[in-house]
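Chemist: Got a file for you: target.csv, CSV, C-alpha atoms and all ligand atoms.
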chain,number,residue,atom,x,y,z
A,307,THR,CA,42.4,-36.4,-198.9
A,308,ARG,CA,40.5,-33.5,-197.4
A,309,THR,CA,37.5,-31.9,-198.9
A,310,PRO,CA,38.4,-28.7,-200.7
A,311,VAL,CA,37.6,-25.4,-199.1
A,312,ASN,CA,35.5,-23.1,-201.3
A,313,VAL,CA,37.2,-19.7,-201.6
A,314,THR,CA,35.2,-17.0,-203.4
A,315,VAL,CA,37.1,-14.0,-204.8
A,316,THR,CA,35.3,-11.0,-206.2
A,317,GLY,CA,36.9,-8.6,-208.6
A,318,ALA,CA,39.0,-11.6,-209.6
A,319,ALA,CA,40.2,-10.1,-212.9
A,320,GLY,CA,41.6,-6.9,-211.2
A,321,GLN,CA,45.1,-6.1,-210.1
A,322,ILE,CA,44.7,-7.4,-206.5
A,323,GLY,CA,43.0,-10.5,-207.8
A,324,TYR,CA,45.9,-11.2,-210.0
A,325,ALA,CA,48.3,-11.0,-207.1
A,326,LEU,CA,46.0,-12.9,-204.8
A,327,LEU,CA,44.7,-16.0,-206.7
A,328,PHE,CA,48.0,-17.6,-207.3
A,329,ARG,CA,48.9,-17.4,-203.6
A,330,ILE,CA,45.6,-18.9,-202.5
A,331,ALA,CA,46.0,-21.7,-205.0
A,332,SER,CA,49.5,-22.4,-203.9
A,333,GLY,CA,48.3,-23.0,-200.3
A,334,GLN,CA,49.4,-19.8,-198.7
A,335,LEU,CA,45.9,-18.8,-197.5
A,336,LEU,CA,44.9,-21.9,-195.7
A,337,GLY,CA,48.0,-23.9,-195.4
A,338,PRO,CA,49.9,-26.7,-197.2
A,339,ASP,CA,47.4,-29.5,-196.3
A,340,THR,CA,44.2,-27.8,-197.5
A,341,PRO,CA,42.9,-28.1,-201.0
A,342,VAL,CA,40.9,-25.2,-202.3
A,343,ARG,CA,38.3,-24.7,-205.0
A,344,LEU,CA,38.3,-21.1,-206.3
A,345,ARG,CA,35.0,-19.4,-207.2
A,346,LEU,CA,35.6,-16.2,-209.1
A,347,LEU,CA,33.0,-13.5,-209.3
A,348,GLU,CA,33.4,-10.7,-211.9
A,349,ILE,CA,31.1,-8.2,-213.6
A,350,THR,CA,30.0,-9.5,-217.0
A,351,PRO,CA,32.5,-7.4,-219.1
A,352,ALA,CA,35.4,-8.7,-217.0
A,353,LEU,CA,34.5,-12.4,-217.3
A,354,LYS,CA,36.8,-13.0,-220.3
A,355,ALA,CA,39.8,-11.5,-218.3
A,356,ALA,CA,38.9,-13.7,-215.4
A,357,GLU,CA,39.0,-16.7,-217.7
A,358,GLY,CA,42.5,-15.7,-218.8
A,359,THR,CA,43.6,-15.7,-215.1
A,360,ALA,CA,41.9,-19.1,-214.6
A,361,MET,CA,43.9,-20.4,-217.6
A,362,GLU,CA,47.1,-19.3,-216.0
A,363,LEU,CA,46.1,-20.9,-212.7
A,364,ASP,CA,45.5,-24.1,-214.6
A,365,ASP,CA,49.0,-23.8,-216.1
A,366,CYS,CA,50.6,-23.6,-212.7
A,367,ALA,CA,49.3,-27.2,-212.0
A,368,PHE,CA,49.0,-26.3,-208.3
A,369,PRO,CA,48.6,-29.6,-206.4
A,370,LEU,CA,46.1,-28.0,-203.9
A,371,LEU,CA,43.9,-26.4,-206.6
A,372,ALA,CA,40.8,-28.6,-206.8
A,373,GLY,CA,39.0,-26.5,-209.4
A,374,ILE,CA,38.0,-23.0,-210.6
A,375,ASP,CA,34.5,-21.7,-211.3
A,376,ILE,CA,33.8,-18.3,-212.8
A,377,SER,CA,30.5,-16.4,-212.7
A,378,ASP,CA,28.9,-13.0,-212.8
A,379,ASP,CA,26.1,-14.1,-210.5
A,380,PRO,CA,26.7,-13.7,-206.8
A,381,ARG,CA,24.3,-16.6,-206.1
A,382,VAL,CA,26.5,-18.9,-208.0
A,383,ALA,CA,29.9,-17.6,-206.9
A,384,PHE,CA,29.0,-17.6,-203.2
A,385,ASP,CA,27.3,-21.0,-203.3
A,386,GLY,CA,28.9,-23.1,-200.6
A,387,ALA,CA,31.6,-20.5,-199.9
A,388,ASN,CA,33.7,-21.1,-196.8
A,389,VAL,CA,35.9,-18.1,-197.3
A,390,ALA,CA,35.0,-15.0,-199.3
A,391,LEU,CA,37.4,-12.2,-200.3
A,392,LEU,CA,35.4,-9.2,-201.5
A,393,VAL,CA,38.0,-7.3,-203.5
A,394,GLY,CA,35.9,-5.8,-206.4
A,395,ALA,CA,34.5,-2.4,-205.6
A,396,ARG,CA,33.6,0.8,-207.3
A,397,PRO,CA,36.7,3.1,-207.1
A,398,ARG,CA,36.3,6.8,-206.5
A,399,THR,CA,36.7,8.6,-209.7
A,400,LYS,CA,37.3,12.3,-210.3
A,401,GLY,CA,34.5,14.6,-209.3
A,402,MET,CA,32.6,11.8,-207.6
A,403,GLU,CA,30.9,12.8,-204.3
A,404,ARG,CA,31.1,10.6,-201.3
A,405,GLY,CA,27.4,9.9,-201.5
A,406,ASP,CA,27.8,8.7,-205.1
A,407,LEU,CA,30.7,6.4,-204.1
A,408,LEU,CA,28.7,4.9,-201.2
A,409,GLU,CA,25.7,4.4,-203.4
A,410,ALA,CA,27.6,2.7,-206.1
A,411,ASN,CA,29.2,0.4,-203.6
A,412,GLY,CA,25.8,-0.2,-201.9
A,413,GLY,CA,24.8,-1.6,-205.3
A,414,ILE,CA,27.6,-4.1,-205.1
A,415,PHE,CA,27.8,-5.1,-201.4
A,416,LYS,CA,24.0,-5.3,-200.7
A,417,PRO,CA,23.4,-8.1,-203.3
A,418,GLN,CA,26.6,-9.8,-202.2
A,419,GLY,CA,25.5,-9.8,-198.6
A,420,GLU,CA,22.1,-11.2,-199.6
A,421,ALA,CA,23.8,-13.9,-201.6
A,422,ILE,CA,26.1,-14.8,-198.8
A,423,ASN,CA,23.2,-15.0,-196.5
A,424,ALA,CA,21.3,-17.3,-198.9
A,425,VAL,CA,23.9,-19.7,-200.3
A,426,ALA,CA,27.2,-19.6,-198.4
A,427,ALA,CA,28.4,-22.4,-196.2
A,428,ASP,CA,27.6,-22.2,-192.5
A,429,ASP,CA,31.2,-21.5,-191.6
A,430,ILE,CA,31.5,-18.6,-194.1
A,431,ARG,CA,34.2,-16.0,-193.2
A,432,VAL,CA,34.2,-12.8,-195.2
A,433,LEU,CA,37.1,-10.3,-195.7
A,434,VAL,CA,36.2,-7.0,-197.4
A,435,VAL,CA,39.2,-5.4,-199.2
A,436,GLY,CA,37.4,-3.2,-201.7
A,437,ASN,CA,37.1,0.4,-200.5
A,438,PRO,CA,35.6,2.0,-198.5
A,439,ALA,CA,36.3,-1.4,-196.9
A,440,ASN,CA,34.8,-0.9,-193.4
A,441,THR,CA,31.5,0.6,-194.7
A,442,ASN,CA,31.3,-1.9,-197.6
A,443,ALA,CA,31.7,-4.7,-195.0
A,444,LEU,CA,28.9,-3.1,-192.9
A,445,ILE,CA,26.5,-3.0,-195.9
A,446,ALA,CA,27.2,-6.7,-196.7
A,447,GLN,CA,26.9,-7.7,-193.0
A,448,ARG,CA,23.5,-5.9,-192.6
A,449,HIS,CA,22.1,-7.9,-195.5
A,450,ALA,CA,23.2,-11.2,-194.1
A,451,PRO,CA,21.1,-11.4,-190.9
A,452,ASP,CA,21.5,-15.2,-190.7
A,453,VAL,CA,25.3,-15.1,-190.6
A,454,PRO,CA,26.9,-14.2,-187.3
A,455,ALA,CA,28.0,-10.6,-187.6
A,456,ALA,CA,31.6,-11.5,-186.4
A,457,ARG,CA,32.1,-13.4,-189.7
A,458,PHE,CA,32.3,-10.0,-191.6
A,459,THR,CA,35.6,-8.2,-191.4
A,460,ALA,CA,37.4,-5.4,-193.2
A,461,MET,CA,41.1,-5.3,-194.1
A,462,THR,CA,43.5,-3.1,-192.1
A,463,ARG,CA,46.3,-5.6,-192.2
A,464,LEU,CA,48.1,-3.8,-195.0
A,465,ASP,CA,48.1,-0.7,-192.8
A,466,GLN,CA,49.6,-2.7,-190.0
A,467,ASN,CA,52.2,-4.2,-192.2
A,468,ARG,CA,53.2,-0.8,-193.5
A,469,ALA,CA,53.5,0.4,-189.9
A,470,TYR,CA,55.7,-2.6,-189.0
A,471,SER,CA,58.0,-1.7,-191.8
A,472,GLN,CA,58.2,2.0,-191.1
A,473,LEU,CA,58.9,1.4,-187.4
A,474,ALA,CA,61.6,-1.3,-188.1
A,475,LYS,CA,63.3,1.1,-190.5
A,476,LYS,CA,63.3,4.0,-187.9
A,477,LEU,CA,64.8,1.8,-185.2
A,478,ASP,CA,67.1,-0.1,-187.5
A,479,VAL,CA,65.7,-3.5,-186.4
A,480,THR,CA,63.8,-6.1,-188.5
A,481,VAL,CA,60.0,-6.6,-188.5
A,482,ASN,CA,60.6,-9.8,-186.5
A,483,ASP,CA,61.6,-7.6,-183.6
A,484,VAL,CA,58.2,-5.8,-183.6
A,485,LYS,CA,55.0,-7.1,-181.9
A,486,ARG,CA,51.5,-5.8,-181.0
A,487,LEU,CA,51.4,-2.9,-183.4
A,488,ALA,CA,47.7,-2.4,-184.3
A,489,ILE,CA,45.6,-0.1,-186.4
A,490,TRP,CA,42.5,1.4,-184.9
A,491,GLY,CA,39.5,2.9,-186.7
A,492,ASN,CA,38.8,3.3,-190.4
A,493,HIS,CA,40.9,2.1,-193.3
A,494,SER,CA,41.3,5.7,-194.5
A,495,ALA,CA,43.6,8.7,-193.9
A,496,THR,CA,42.1,9.0,-190.3
A,497,GLN,CA,43.4,5.5,-189.3
A,498,TYR,CA,45.4,5.3,-186.1
A,499,PRO,CA,48.6,3.1,-186.1
A,500,ASP,CA,49.3,2.7,-182.4
A,501,LEU,CA,52.9,2.6,-181.1
A,502,PHE,CA,51.9,3.1,-177.5
A,503,HIS,CA,50.9,-0.6,-177.1
A,504,ALA,CA,53.5,-1.9,-179.6
A,505,GLU,CA,56.7,-3.6,-178.6
A,506,VAL,CA,60.2,-3.7,-180.0
A,507,ASN,CA,62.2,-6.6,-178.6
A,508,GLY,CA,59.9,-6.7,-175.6
A,509,LYS,CA,60.2,-2.9,-174.9
A,510,ASN,CA,57.4,-0.3,-175.4
A,511,ALA,CA,57.8,1.0,-179.0
A,512,ALA,CA,56.8,4.6,-178.3
A,513,GLU,CA,59.3,4.8,-175.4
A,514,THR,CA,62.0,3.2,-177.6
A,515,VAL,CA,61.3,5.7,-180.4
A,516,ASN,CA,61.2,8.5,-177.8
A,517,ASP,CA,60.3,11.1,-180.4
A,518,GLN,CA,56.7,12.2,-180.2
A,519,LYS,CA,57.2,14.6,-183.1
A,520,TRP,CA,58.3,11.8,-185.4
A,521,ILE,CA,55.3,9.7,-184.3
A,522,GLU,CA,52.8,12.5,-185.1
A,523,ALA,CA,54.4,14.3,-188.0
A,524,ASP,CA,56.2,11.4,-189.8
A,525,PHE,CA,55.1,7.9,-188.7
A,526,ILE,CA,51.3,8.2,-188.6
A,527,PRO,CA,51.0,10.2,-191.8
A,528,THR,CA,53.5,8.0,-193.7
A,529,VAL,CA,51.5,4.9,-192.8
A,530,ALA,CA,48.1,6.6,-193.5
A,531,LYS,CA,49.2,8.0,-196.9
A,532,ARG,CA,51.3,5.1,-198.1
A,533,GLY,CA,48.7,4.1,-200.7
A,534,ALA,CA,49.0,7.5,-202.4
A,535,ALA,CA,52.8,7.4,-202.2
A,536,ILE,CA,52.7,4.0,-204.0
A,537,ILE,CA,50.4,5.4,-206.7
A,538,GLU,CA,52.8,8.3,-207.2
A,539,ALA,CA,55.8,6.1,-207.5
A,540,ARG,CA,54.4,3.1,-209.4
A,541,GLY,CA,51.8,4.8,-211.5
A,542,ALA,CA,49.3,2.3,-210.2
A,543,SER,CA,47.7,1.3,-206.8
A,544,SER,CA,49.4,-1.1,-204.5
A,545,ALA,CA,48.3,-4.6,-205.5
A,546,ALA,CA,50.8,-7.3,-204.4
A,547,SER,CA,51.0,-5.8,-200.9
A,548,ALA,CA,47.2,-5.6,-200.6
A,549,ALA,CA,46.9,-9.2,-201.7
A,550,ASN,CA,49.7,-10.2,-199.2
A,551,ALA,CA,47.8,-8.5,-196.4
A,552,ALA,CA,44.6,-10.3,-197.4
A,553,ILE,CA,46.4,-13.6,-197.1
A,554,ASP,CA,47.8,-12.6,-193.7
A,555,HIS,CA,44.3,-11.6,-192.5
A,556,VAL,CA,42.6,-14.8,-193.4
A,557,HIS,CA,45.5,-17.1,-192.6
A,558,ASP,CA,45.7,-15.8,-189.0
A,559,TRP,CA,41.9,-15.8,-188.7
A,560,VAL,CA,41.7,-19.4,-189.6
A,561,ASN,CA,45.0,-20.7,-188.1
A,562,GLY,CA,45.2,-18.4,-185.1
A,563,THR,CA,47.5,-15.6,-184.0
A,564,ALA,CA,50.8,-16.1,-182.2
A,565,GLU,CA,50.7,-16.4,-178.4
A,566,GLY,CA,51.3,-13.0,-176.8
A,567,ASP,CA,50.9,-11.1,-180.0
A,568,PHE,CA,47.9,-9.4,-181.7
A,569,VAL,CA,47.0,-8.2,-185.2
A,570,SER,CA,44.7,-5.6,-186.7
A,571,ALA,CA,41.3,-6.3,-188.3
A,572,GLY,CA,38.1,-4.4,-188.9
A,573,VAL,CA,35.5,-6.3,-186.9
A,574,VAL,CA,32.0,-5.5,-185.7
A,575,SER,CA,32.3,-3.4,-182.5
A,576,ASP,CA,30.7,-4.7,-179.3
A,577,GLY,CA,31.2,-1.2,-177.7
A,578,SER,CA,34.7,-2.0,-176.6
A,579,TYR,CA,36.9,1.1,-176.1
A,580,GLY,CA,33.9,3.4,-176.6
A,581,VAL,CA,33.5,2.4,-180.3
A,582,PRO,CA,29.8,2.4,-180.9
A,583,ALA,CA,28.4,-1.1,-181.1
A,584,GLY,CA,27.7,-2.3,-184.7
A,585,LEU,CA,30.4,-0.2,-186.5
A,586,ILE,CA,33.0,-2.2,-188.3
A,587,SER,CA,36.2,-0.7,-186.9
A,588,SER,CA,39.8,-1.8,-186.7
A,589,PHE,CA,41.0,-3.0,-183.3
A,590,PRO,CA,43.8,-5.1,-182.0
A,591,VAL,CA,42.5,-8.6,-182.2
A,592,THR,CA,43.6,-12.2,-181.5
A,593,SER,CA,42.3,-15.4,-183.1
A,594,THR,CA,42.0,-18.8,-181.4
A,595,GLY,CA,39.7,-21.4,-182.8
A,596,GLY,CA,38.7,-19.4,-185.9
A,597,ASP,CA,37.2,-16.3,-184.3
A,598,TYR,CA,38.8,-12.8,-184.2
A,599,GLU,CA,38.3,-11.3,-180.7
A,600,ILE,CA,38.9,-7.7,-179.7
A,601,VAL,CA,41.9,-7.5,-177.2
A,602,GLN,CA,40.5,-6.2,-173.9
A,603,GLY,CA,42.0,-4.1,-171.2
A,604,LEU,CA,44.5,-1.9,-173.0
A,605,ALA,CA,44.9,1.5,-171.3
A,606,ILE,CA,44.2,4.4,-173.8
A,607,ASP,CA,45.9,7.7,-173.1
A,608,ASP,CA,44.6,11.1,-174.2
A,609,PHE,CA,46.7,11.1,-177.4
A,610,SER,CA,45.4,7.7,-178.5
A,611,ARG,CA,41.9,8.5,-177.4
A,612,ALA,CA,41.7,11.6,-179.6
A,613,ARG,CA,43.0,9.7,-182.6
A,614,ILE,CA,40.7,6.7,-182.2
A,615,ASP,CA,37.7,9.0,-181.6
A,616,ALA,CA,38.4,11.0,-184.8
A,617,SER,CA,38.6,7.9,-187.0
A,618,VAL,CA,35.5,6.3,-185.4
A,619,ALA,CA,33.6,9.5,-185.9
A,620,GLU,CA,34.3,9.2,-189.6
A,621,LEU,CA,33.0,5.6,-189.5
A,622,ALA,CA,29.8,6.8,-187.8
A,623,GLU,CA,29.4,9.4,-190.5
A,624,GLU,CA,29.8,6.8,-193.3
A,625,ARG,CA,27.3,4.6,-191.5
A,626,ASP,CA,24.8,7.5,-191.2
A,627,ALA,CA,25.3,8.3,-194.9
A,628,VAL,CA,24.6,4.7,-196.1
A,629,GLN,CA,21.6,4.7,-193.7
A,630,GLY,CA,20.4,7.9,-195.2
A,631,LEU,CA,20.7,6.3,-198.7
A,632,GLY,CA,18.6,3.4,-197.5
A,633,LEU,CA,21.5,1.0,-198.1
A,634,ILE,CA,21.4,-0.5,-194.6
A,701,LIG,P1,42.2,-3.5,-207.6
A,701,LIG,O1,42.2,-4.9,-207.7
A,701,LIG,O2,43.5,-2.7,-207.6
A,701,LIG,O3,41.5,-3.0,-206.2
A,701,LIG,C1,40.3,-3.5,-205.8
A,701,LIG,C2,39.8,-2.8,-204.6
A,701,LIG,O4,40.6,-3.0,-203.6
A,701,LIG,C3,39.6,-1.3,-204.8
A,701,LIG,O5,38.3,-1.0,-204.2
A,701,LIG,C4,40.7,-0.8,-204.0
A,701,LIG,O6,40.4,0.5,-203.4
A,701,LIG,C5,40.8,-1.8,-202.9
A,701,LIG,N1,42.0,-1.7,-202.0
A,701,LIG,C6,42.0,-1.9,-200.7
A,701,LIG,N2,43.2,-1.7,-200.2
A,701,LIG,C7,44.0,-1.4,-201.2
A,701,LIG,C8,45.3,-1.1,-201.3
A,701,LIG,N3,46.0,-1.0,-200.2
A,701,LIG,N4,45.9,-0.8,-202.4
A,701,LIG,C9,45.1,-0.9,-203.5
A,701,LIG,N5,43.8,-1.1,-203.5
A,701,LIG,C10,43.2,-1.4,-202.4
A,701,LIG,O7,41.3,-2.8,-208.7
A,701,LIG,P2,41.1,-3.2,-210.2
A,701,LIG,O8,40.3,-2.0,-210.7
A,701,LIG,O9,42.3,-3.6,-210.8
A,701,LIG,O10,40.1,-4.4,-210.2
A,701,LIG,C11,38.9,-4.4,-209.6
A,701,LIG,C12,38.1,-5.5,-210.3
A,701,LIG,O11,36.9,-5.6,-209.6
A,701,LIG,C13,37.8,-5.3,-211.7
A,701,LIG,O12,38.2,-6.4,-212.5
A,701,LIG,C14,36.3,-5.1,-211.7
A,701,LIG,O13,35.7,-5.7,-212.9
A,701,LIG,C15,35.9,-5.9,-210.5
A,701,LIG,N6,34.6,-5.6,-209.9
A,701,LIG,C16,33.9,-6.7,-209.6
A,701,LIG,C17,32.7,-6.6,-209.0
A,701,LIG,C18,32.0,-7.9,-208.7
A,701,LIG,O14,32.6,-9.0,-208.6
A,701,LIG,N7,30.7,-7.8,-208.4
A,701,LIG,C19,32.1,-5.3,-208.6
A,701,LIG,C20,33.0,-4.2,-208.9
A,701,LIG,C21,34.2,-4.4,-209.5
A,701,LIG,P3,40.9,1.9,-204.0
A,701,LIG,O15,40.2,2.0,-205.4
A,701,LIG,O16,40.4,2.9,-203.0
A,701,LIG,O17,42.4,1.8,-204.2
Taking this structure as input, can you express it in the form of structure tokens?
Modeler:
Amino acid sequence: TRTPVNVTVTGAAGQIGYALLFRIASGQLLGPDTPVRLRLLEITPALKAAEGTAMELDDCAFPLLAGIDISDDPRVAFDGANVALLVGARPRTKGMERGDLLEANGGIFKPQGEAINAVAADDIRVLVVGNPANTNALIAQRHAPDVPAARFTAMTRLDQNRAYSQLAKKLDVTVNDVKRLAIWGNHSATQYPDLFHAEVNGKNAAETVNDQKWIEADFIPTVAKRGAAIIEARGASSAASAANAAIDHVHDWVNGTAEGDFVSAGVVSDGSYGVPAGLISSFPVTSTGGDYEIVQGLAIDDFSRARIDASVAELAEERDAVQGLGLI
């Protein structure tokens, strides 16, 4: 039997955690042949709730689940971690300024980055889900100087999945007919879901839609504001779909993306497409051999350029703000 892979999940007692842990333990994150040991990190007041979730995990008798540890200490929870899903974050509450939000999250992601640097396994791969995900990932990454920067990523896969579904509905096809539909920039309302490089049954998606007004006034805002629409309808944030996207992101990172296709992930920019080096921005990426790489050579027209630039400008502002606060 194979040695279990250590998967650390923060915010394990939250809504996304509840939707995520059972899927990890059932083998959907790393595949049906890979046993996992779950390491749950929670803040002290939520430890009891995390224990409750762990009891339910026990009660599933998952054949691949080699064990569960629970801690409120990042140095314990990230010890030997091979995969880390950073879900717990400080949500924006009413009247909170952006600086307060970034500062509160700096207090979470700085010590987590330091702990990952100190105690995680050499092959550690980190996905940040907790918002503001790109900038939280940047904070953690900057505090883990001994870990290759490319091992820190932020989730835009849910945005991608939402875009797939909206496009498929519009064209009355299934998501299986869609390929190469990526998100650029920040996981925020400024994100840019790109139909100009996407394909539907092998044909260019924007040309197939042939309705620029729908792309600008309907498709892009619907994808970007989908989170708010879910809250409005459900009375709670999306959780199962966010967990599903986290599974997709790590699964494809570790197991590889399909030949000829690409997916979306927030990764450290190397300056590609004019995105300032060092920012954690979403790009079209492929994975072979366990590394996400930015797809090169896509032609960017004026419309896409302006959208990408606007979202990247927001990322640069967030970086400057956390720099100003001394968080990086
Ligand atoms: P959720 O599990 O619903 O969400 C967790 C985070 O994921 C939030 O920051 C949320 O951002 C973010 N997120 C990213 N994408 C999405 C999406 N598409 N839909 C919804 N959320 C998304 O939050 P809960 O409040 O239920 O649980 C959070 C848990 O984290 C709590 O148990 C808390 O104790 C814990 N926590 C743990 C920490 C730690 O381990 N050190 C630190 C801080 C909190 P947004 O708010 O913008 O929706």
Chemist: Wanna dump the region 494-556 of chain A-region 608-627 of chain A contacts at 10 Å for me, each residue with its shortest atom pair and the distance in Å to one decimal, counting all atoms listed in the file, ordered by chain and number, as a tab-separated table?
Modeler:
residue	atom	partner	partner_atom	distance
A:Ser494	CA	A:Ser617	CA	8.3
A:Ala495	CA	A:Ser617	CA	8.6
A:Thr496	CA	A:Ser617	CA	4.9
A:Gln497	CA	A:Ser617	CA	5.8
A:Tyr498	CA	A:Arg613	CA	6.1
A:Pro499	CA	A:Arg613	CA	9.3
A:Asp500	CA	A:Ser610	CA	7.4
A:Leu501	CA	A:Ser610	CA	9.4
A:Phe502	CA	A:Ser610	CA	8.0
A:Glu522	CA	A:Phe609	CA	9.9
Chemist: Within 10 Å of Ala390 (chain A), counting only C-alpha atoms, which residues show up once you throw out same-chain ones fewer than 4 positions away? Write them as a PyMOL selection string, please.
Modeler: chain A and resi 312-316+344-346+383-384+422+426+430-434+458+556
Chemist: Since we have the selection now, will you write its residues out, keeping C-alpha atoms, as a PDB file, in the frame of the given file?
Modeler:
ATOM      1  CA  ASN A 312      35.500 -23.100-201.300  1.00  0.00           C
ATOM      2  CA  VAL A 313      37.200 -19.700-201.600  1.00  0.00           C
ATOM      3  CA  THR A 314      35.200 -17.000-203.400  1.00  0.00           C
ATOM      4  CA  VAL A 315      37.100 -14.000-204.800  1.00  0.00           C
ATOM      5  CA  THR A 316      35.300 -11.000-206.200  1.00  0.00           C
ATOM      6  CA  LEU A 344      38.300 -21.100-206.300  1.00  0.00           C
ATOM      7  CA  ARG A 345      35.000 -19.400-207.200  1.00  0.00           C
ATOM      8  CA  LEU A 346      35.600 -16.200-209.100  1.00  0.00           C
ATOM      9  CA  ALA A 383      29.900 -17.600-206.900  1.00  0.00           C
ATOM     10  CA  PHE A 384      29.000 -17.600-203.200  1.00  0.00           C
ATOM     11  CA  ILE A 422      26.100 -14.800-198.800  1.00  0.00           C
ATOM     12  CA  ALA A 426      27.200 -19.600-198.400  1.00  0.00           C
ATOM     13  CA  ILE A 430      31.500 -18.600-194.100  1.00  0.00           C
ATOM     14  CA  ARG A 431      34.200 -16.000-193.200  1.00  0.00           C
ATOM     15  CA  VAL A 432      34.200 -12.800-195.200  1.00  0.00           C
ATOM     16  CA  LEU A 433      37.100 -10.300-195.700  1.00  0.00           C
ATOM     17  CA  VAL A 434      36.200  -7.000-197.400  1.00  0.00           C
ATOM     18  CA  PHE A 458      32.300 -10.000-191.600  1.00  0.00           C
ATOM     19  CA  VAL A 556      42.600 -14.800-193.400  1.00  0.00           C
TER      20      VAL A 556
END
Chemist: Would you please work out which residue, of A:Ser570, A:Gly508, A:Asp452, A:Leu585, is nearest to Asn482 (chain A) when using all atoms listed in the file?
Modeler: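 So, comparing all the options, the nearest one is A:Gly508.
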Chemist: Residues up to 7 Å from ligand LIG 701 (chain A), counting only C-alpha atoms and all ligand atoms: could you list those as a PyMOL selection string?
Modeler: chain A and resi 316-323+347-349+352+378+393-398+414+435-439+464+533+543-545+547-548
Chemist: Take the residues that were just selected and, keeping C-alpha atoms, output them as a compact mmCIF listing (two decimals), keeping the file's coordinate frame.
Modeler:
# COMPACT_ATOMS: atom_id res chain seq x y z
CA THR A 316 35.30 -11.00 -206.20
CA GLY A 317 36.90 -8.60 -208.60
CA ALA A 318 39.00 -11.60 -209.60
CA ALA A 319 40.20 -10.10 -212.90
CA GLY A 320 41.60 -6.90 -211.20
CA GLN A 321 45.10 -6.10 -210.10
CA ILE A 322 44.70 -7.40 -206.50
CA GLY A 323 43.00 -10.50 -207.80
CA LEU A 347 33.00 -13.50 -209.30
CA GLU A 348 33.40 -10.70 -211.90
CA ILE A 349 31.10 -8.20 -213.60
CA ALA A 352 35.40 -8.70 -217.00
CA ASP A 378 28.90 -13.00 -212.80
CA VAL A 393 38.00 -7.30 -203.50
CA GLY A 394 35.90 -5.80 -206.40
CA ALA A 395 34.50 -2.40 -205.60
CA ARG A 396 33.60 0.80 -207.30
CA PRO A 397 36.70 3.10 -207.10
CA ARG A 398 36.30 6.80 -206.50
CA ILE A 414 27.60 -4.10 -205.10
CA VAL A 435 39.20 -5.40 -199.20
CA GLY A 436 37.40 -3.20 -201.70
CA ASN A 437 37.10 0.40 -200.50
CA PRO A 438 35.60 2.00 -198.50
CA ALA A 439 36.30 -1.40 -196.90
CA LEU A 464 48.10 -3.80 -195.00
CA GLY A 533 48.70 4.10 -200.70
CA SER A 543 47.70 1.30 -206.80
CA SER A 544 49.40 -1.10 -204.50
CA ALA A 545 48.30 -4.60 -205.50
CA SER A 547 51.00 -5.80 -200.90
CA ALA A 548 47.20 -5.60 -200.60
Chemist: Find the residue from A:Ala372, A:Tyr579, A:Lys400, A:Gly630 that sits nearest to Asp607 (chain A); use only C-alpha atoms when measuring.
Modeler: A:Tyr579
Chemist: Between A:Gln466, A:Thr592, A:Ser377, A:Asn423, single out the one closest to Thr528 (chain A), counting all atoms listed in the file.
Modeler: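 Checking each of A:Gln466, A:Thr592, A:Ser377, A:Asn423 against Thr528 (chain A), counting all atoms listed in the file, the winner is A:Gln466.
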Chemist: Using CA of Val591 (chain A) and CA of Val506 (chain A) as the two end points, give the distance in Å to one decimal.
Modeler: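 Those two atoms sit 18.5 Å apart.
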Chemist: So which residues touch Gln418 (chain A) within 10 Å, counting all atoms listed in the file, skipping near sequence neighbours fewer than 5 positions away, as a list of chain:residue names?
Modeler: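 In the requested form, the answer reads A:Thr316, A:Asp379, A:Pro380, A:Arg381, A:Ala383, A:Phe384, A:Leu392, A:Gly412, A:Gly413, A:Asn423, A:Ala424, A:Ile445, A:Ala446, A:Gln447, A:His449, A:Ala450.
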Chemist: Those residues you just picked out, can you put them in a file as a PDB file, keeping the file's coordinate frame with C-alpha atoms?
Modeler:
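So the final result, stored in out-v1.pdb, reads:
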ATOM      1  CA  THR A 316      35.300 -11.000-206.200  1.00  0.00           C
ATOM      2  CA  ASP A 379      26.100 -14.100-210.500  1.00  0.00           C
ATOM      3  CA  PRO A 380      26.700 -13.700-206.800  1.00  0.00           C
ATOM      4  CA  ARG A 381      24.300 -16.600-206.100  1.00  0.00           C
ATOM      5  CA  ALA A 383      29.900 -17.600-206.900  1.00  0.00           C
ATOM      6  CA  PHE A 384      29.000 -17.600-203.200  1.00  0.00           C
ATOM      7  CA  LEU A 392      35.400  -9.200-201.500  1.00  0.00           C
ATOM      8  CA  GLY A 412      25.800  -0.200-201.900  1.00  0.00           C
ATOM      9  CA  GLY A 413      24.800  -1.600-205.300  1.00  0.00           C
ATOM     10  CA  ASN A 423      23.200 -15.000-196.500  1.00  0.00           C
ATOM     11  CA  ALA A 424      21.300 -17.300-198.900  1.00  0.00           C
ATOM     12  CA  ILE A 445      26.500  -3.000-195.900  1.00  0.00           C
ATOM     13  CA  ALA A 446      27.200  -6.700-196.700  1.00  0.00           C
ATOM     14  CA  GLN A 447      26.900  -7.700-193.000  1.00  0.00           C
ATOM     15  CA  HIS A 449      22.100  -7.900-195.500  1.00  0.00           C
ATOM     16  CA  ALA A 450      23.200 -11.200-194.100  1.00  0.00           C
TER      17      ALA A 450
END
Chemist: Please determine, counting all atoms listed in the file, which residue among A:Ala456, A:Phe328, A:Thr399, A:Met461 has the shortest atom-to-atom distance to Asp365 (chain A).
Modeler: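 Of A:Ala456, A:Phe328, A:Thr399, A:Met461, the one nearest Asp365 (chain A), counting all atoms listed in the file, is A:Phe328.
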Chemist: So, with only C-alpha atoms as the atoms that count, which of A:Ile553, A:Ala583, A:Val601, A:Ala360 lies closest to Arg343 (chain A)?
Modeler: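 Among the listed residues, A:Ala360 lies closest to Arg343 (chain A).
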